[in-house]
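Taking it in order: structure first as structure tokens, then the write-up.
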Amino acid sequence: QAQLVESGGGLVQPGGSLRLSCGTTRSGFAFKSMGWYRQAPGKERELVARLVVNGDRTYADSVKGRFTISRDNAKVRDSVYLQMDMLKPEDTAVYYCNAVLGATVIWGQGTQVTVSS
């Protein structure tokens with residue numbers, strides 16, 4: 001089964017930027033969609049951004065205009081990225097990569113993003 005490996009989280013000041021990356025551990029997969037979710041302490045996991053294979057993008061209202069999702073499936077291993085700009089303290093959460101392969105939903109292990117001065 002494919003696995004997702006995330007990187008790029010960390011501590012950043014308000015107004016700063018981070019770029020999250022998520023790659024598969026195996027090659028040759030064609031995911032129906034790939035995206036990012038996040039979960040803050042005491043809150044439910046929520047969709048941040050999703051990119052479908054036909055190119056359609058969906059963003060949470062709270063991140064529109066600040067976050068950009070992109071995908072690179074030209075590489076041997078499929079990858080999805082989340083460029084996060086103008087970060088706010090309320091963006092603090094664990095961010096999870098998500099991919100849909102047929103009827104199977106796959107999750108990454110999560111990466112912590114902390115926005116604080």
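Residues in the structure tokens are numbered from 1 in each chain, the chains being A, B, ... in the order shown, and ligands are numbered from 1 in the order shown.
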
Looking only at the backbone, which of the residues in chain A does DSSP tag as strand (DSSP E), as a PyMOL selection string? chain A and resi 4-7+10-12+18-24+33-39+46-52+57-59+67-72+79-84+93-101+104-107+111-115

Which residues are near Gly23 of chain A? Cut-off 10 Å, only C-alpha atoms, ignore same chain within fewer than 4 positions. Put them as an mmCIF file with all heavy atoms, in the first residue's frame.
```cif
data_model
loop_
_atom_site.group_PDB
_atom_site.id
_atom_site.type_symbol
_atom_site.label_atom_id
_atom_site.label_comp_id
_atom_site.auth_asym_id
_atom_site.auth_seq_id
_atom_site.Cartn_x
_atom_site.Cartn_y
_atom_site.Cartn_z
ATOM 1 N N ALA A 2 0.444 2.273 -0.721
ATOM 2 C CA ALA A 2 1.226 3.500 -0.777
ATOM 3 C C ALA A 2 1.227 4.187 0.572
ATOM 4 O O ALA A 2 0.263 4.099 1.336
ATOM 5 C CB ALA A 2 0.639 4.430 -1.830
ATOM 6 N N GLN A 3 2.314 4.872 0.867
ATOM 7 C CA GLN A 3 2.415 5.671 2.070
ATOM 8 C C GLN A 3 2.725 7.102 1.687
ATOM 9 O O GLN A 3 3.355 7.363 0.658
ATOM 10 C CB GLN A 3 3.501 5.114 2.995
ATOM 11 C CG GLN A 3 3.146 3.766 3.611
ATOM 12 C CD GLN A 3 4.215 3.269 4.548
ATOM 13 O OE1 GLN A 3 5.398 3.479 4.299
ATOM 14 N NE2 GLN A 3 3.811 2.614 5.620
ATOM 15 N N LEU A 4 2.296 8.049 2.527
ATOM 16 C CA LEU A 4 2.538 9.462 2.290
ATOM 17 C C LEU A 4 3.544 9.968 3.311
ATOM 18 O O LEU A 4 3.418 9.669 4.505
ATOM 19 C CB LEU A 4 1.227 10.253 2.411
ATOM 20 C CG LEU A 4 0.096 9.807 1.492
ATOM 21 C CD1 LEU A 4 -1.158 10.618 1.771
ATOM 22 C CD2 LEU A 4 0.497 9.943 0.030
ATOM 23 N N VAL A 5 4.500 10.740 2.852
ATOM 24 C CA VAL A 5 5.538 11.280 3.720
ATOM 25 C C VAL A 5 5.509 12.791 3.617
ATOM 26 O O VAL A 5 5.704 13.348 2.532
ATOM 27 C CB VAL A 5 6.925 10.743 3.326
ATOM 28 C CG1 VAL A 5 7.995 11.328 4.239
ATOM 29 C CG2 VAL A 5 6.939 9.220 3.395
ATOM 30 N N GLU A 6 5.266 13.459 4.762
ATOM 31 C CA GLU A 6 5.155 14.913 4.772
ATOM 32 C C GLU A 6 6.423 15.551 5.308
ATOM 33 O O GLU A 6 7.158 14.954 6.104
ATOM 34 C CB GLU A 6 3.984 15.342 5.662
ATOM 35 C CG GLU A 6 2.657 14.797 5.253
ATOM 36 C CD GLU A 6 1.867 14.249 6.405
ATOM 37 O OE1 GLU A 6 2.494 13.856 7.413
ATOM 38 O OE2 GLU A 6 0.629 14.224 6.309
ATOM 39 N N SER A 7 6.640 16.800 4.913
ATOM 40 C CA SER A 7 7.749 17.583 5.446
ATOM 41 C C SER A 7 7.425 19.056 5.290
ATOM 42 O O SER A 7 6.505 19.423 4.545
ATOM 43 C CB SER A 7 9.055 17.239 4.733
ATOM 44 O OG SER A 7 8.956 17.563 3.357
ATOM 45 N N SER A 27 6.261 4.539 -6.452
ATOM 46 C CA SER A 27 6.012 5.207 -7.728
ATOM 47 C C SER A 27 4.872 4.534 -8.474
ATOM 48 O O SER A 27 4.435 3.452 -8.134
ATOM 49 C CB SER A 27 7.273 5.160 -8.576
ATOM 50 O OG SER A 27 7.602 3.810 -8.854
ATOM 51 N N ARG A 71 0.500 20.297 -7.409
ATOM 52 C CA ARG A 71 0.825 18.879 -7.495
ATOM 53 C C ARG A 71 1.873 18.683 -8.577
ATOM 54 O O ARG A 71 1.848 19.360 -9.613
ATOM 55 C CB ARG A 71 -0.435 18.078 -7.819
ATOM 56 C CG ARG A 71 -0.272 16.580 -7.889
ATOM 57 C CD ARG A 71 -1.640 15.934 -8.053
ATOM 58 N NE ARG A 71 -1.552 14.498 -8.221
ATOM 59 C CZ ARG A 71 -2.610 13.697 -8.370
ATOM 60 N NH1 ARG A 71 -3.830 14.204 -8.376
ATOM 61 N NH2 ARG A 71 -2.447 12.403 -8.515
ATOM 62 N N ASP A 72 2.737 17.728 -8.355
ATOM 63 C CA ASP A 72 3.763 17.407 -9.332
ATOM 64 C C ASP A 72 3.739 15.909 -9.564
ATOM 65 O O ASP A 72 4.335 15.148 -8.810
ATOM 66 C CB ASP A 72 5.130 17.855 -8.827
ATOM 67 C CG ASP A 72 6.220 17.611 -9.849
ATOM 68 O OD1 ASP A 72 5.917 17.047 -10.919
ATOM 69 O OD2 ASP A 72 7.365 17.993 -9.581
ATOM 70 N N ASN A 73 3.028 15.507 -10.597
ATOM 71 C CA ASN A 73 2.988 14.079 -10.906
ATOM 72 C C ASN A 73 3.836 13.746 -12.110
ATOM 73 O O ASN A 73 3.708 12.697 -12.716
ATOM 74 C CB ASN A 73 1.551 13.596 -11.099
ATOM 75 C CG ASN A 73 0.838 14.375 -12.190
ATOM 76 O OD1 ASN A 73 1.449 15.134 -12.928
ATOM 77 N ND2 ASN A 73 -0.450 14.184 -12.296
ATOM 78 N N ARG A 77 7.643 9.864 -8.376
ATOM 79 C CA ARG A 77 6.754 9.727 -7.224
ATOM 80 C C ARG A 77 5.812 10.929 -7.179
ATOM 81 O O ARG A 77 6.251 12.068 -7.196
ATOM 82 C CB ARG A 77 7.572 9.630 -5.946
ATOM 83 C CG ARG A 77 8.369 8.351 -5.886
ATOM 84 C CD ARG A 77 9.316 8.303 -4.718
ATOM 85 N NE ARG A 77 9.974 7.003 -4.650
ATOM 86 C CZ ARG A 77 11.025 6.753 -3.911
ATOM 87 N NH1 ARG A 77 11.520 7.705 -3.159
ATOM 88 N NH2 ARG A 77 11.565 5.551 -3.901
ATOM 89 N N ASP A 78 4.520 10.666 -7.090
ATOM 90 C CA ASP A 78 3.525 11.729 -7.039
ATOM 91 C C ASP A 78 3.720 12.581 -5.796
ATOM 92 O O ASP A 78 3.989 12.053 -4.716
ATOM 93 C CB ASP A 78 2.127 11.093 -7.034
ATOM 94 C CG ASP A 78 1.113 11.960 -7.725
ATOM 95 O OD1 ASP A 78 1.401 13.155 -7.932
ATOM 96 O OD2 ASP A 78 0.023 11.458 -8.044
ATOM 97 N N SER A 79 3.597 13.888 -5.936
ATOM 98 C CA SER A 79 3.796 14.799 -4.810
ATOM 99 C C SER A 79 2.745 15.890 -4.837
ATOM 100 O O SER A 79 2.271 16.292 -5.905
ATOM 101 C CB SER A 79 5.184 15.444 -4.895
ATOM 102 O OG SER A 79 6.206 14.475 -4.880
ATOM 103 N N VAL A 80 2.410 16.398 -3.640
ATOM 104 C CA VAL A 80 1.518 17.542 -3.524
ATOM 105 C C VAL A 80 2.125 18.531 -2.541
ATOM 106 O O VAL A 80 2.799 18.129 -1.588
ATOM 107 C CB VAL A 80 0.103 17.099 -3.067
ATOM 108 C CG1 VAL A 80 0.114 16.538 -1.664
ATOM 109 C CG2 VAL A 80 -0.879 18.247 -3.205
ATOM 110 N N TYR A 81 1.934 19.814 -2.800
ATOM 111 C CA TYR A 81 2.556 20.861 -2.006
ATOM 112 C C TYR A 81 1.485 21.833 -1.516
ATOM 113 O O TYR A 81 0.442 22.016 -2.155
ATOM 114 C CB TYR A 81 3.588 21.613 -2.837
ATOM 115 C CG TYR A 81 4.599 20.712 -3.492
ATOM 116 C CD1 TYR A 81 4.426 20.289 -4.805
ATOM 117 C CD2 TYR A 81 5.726 20.270 -2.807
ATOM 118 C CE1 TYR A 81 5.339 19.440 -5.410
ATOM 119 C CE2 TYR A 81 6.645 19.429 -3.410
ATOM 120 C CZ TYR A 81 6.453 19.015 -4.712
ATOM 121 O OH TYR A 81 7.356 18.178 -5.297
ATOM 122 N N CYS A 97 -1.403 15.228 5.164
ATOM 123 C CA CYS A 97 -1.560 14.979 3.742
ATOM 124 C C CYS A 97 -2.578 13.856 3.556
ATOM 125 O O CYS A 97 -2.629 12.912 4.357
ATOM 126 C CB CYS A 97 -0.216 14.585 3.143
ATOM 127 S SG CYS A 97 -0.247 14.286 1.380
ATOM 128 N N GLY A 108 -1.132 10.800 5.715
ATOM 129 C CA GLY A 108 0.237 10.913 6.184
ATOM 130 C C GLY A 108 0.262 10.961 7.703
ATOM 131 O O GLY A 108 -0.783 10.946 8.364
#
```

Ranking A:Gly35, A:Ser70, A:Ala40, A:Thr92 by minimum distance to Val115 of chain A and counting only C-alpha atoms, which one comes first?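 Nearest candidate to Val115 of chain A out of A:Gly35, A:Ser70, A:Ala40, A:Thr92: A:Thr92.
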
For each of A:Gly10, A:Gly110, A:Gly42, A:Gly55, take the minimum atom-to-atom distance to Met84 of chain A, counting only C-alpha atoms, then give the residue where this is smallest.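 Looking at the shortest contact to Met84 of chain A, the residue is A:Gly10.
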
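Across the model, the gap from atom CA of Phe67 of chain A to atom CA of Leu101 of chain A is 24.1 Å.
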
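For the choices A:Gln112, A:Asn98, A:Thr104, A:Asn54, the atom-to-atom distance to Gln1 of chain A is smallest for A:Thr104 when using only C-alpha atoms.
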
To one decimal place in Å, what is the distance between atom CA of Ser33 of chain A and atom CA of Ile106 of chain A? 10.6 Å

Point-to-point distance from atom CA of Asp56 of chain A to atom CA of Thr24 of chain A, Å rounded to tenths: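 Computed distance, atom CA of Asp56 of chain A to atom CA of Thr24 of chain A, equals 20.7 Å.
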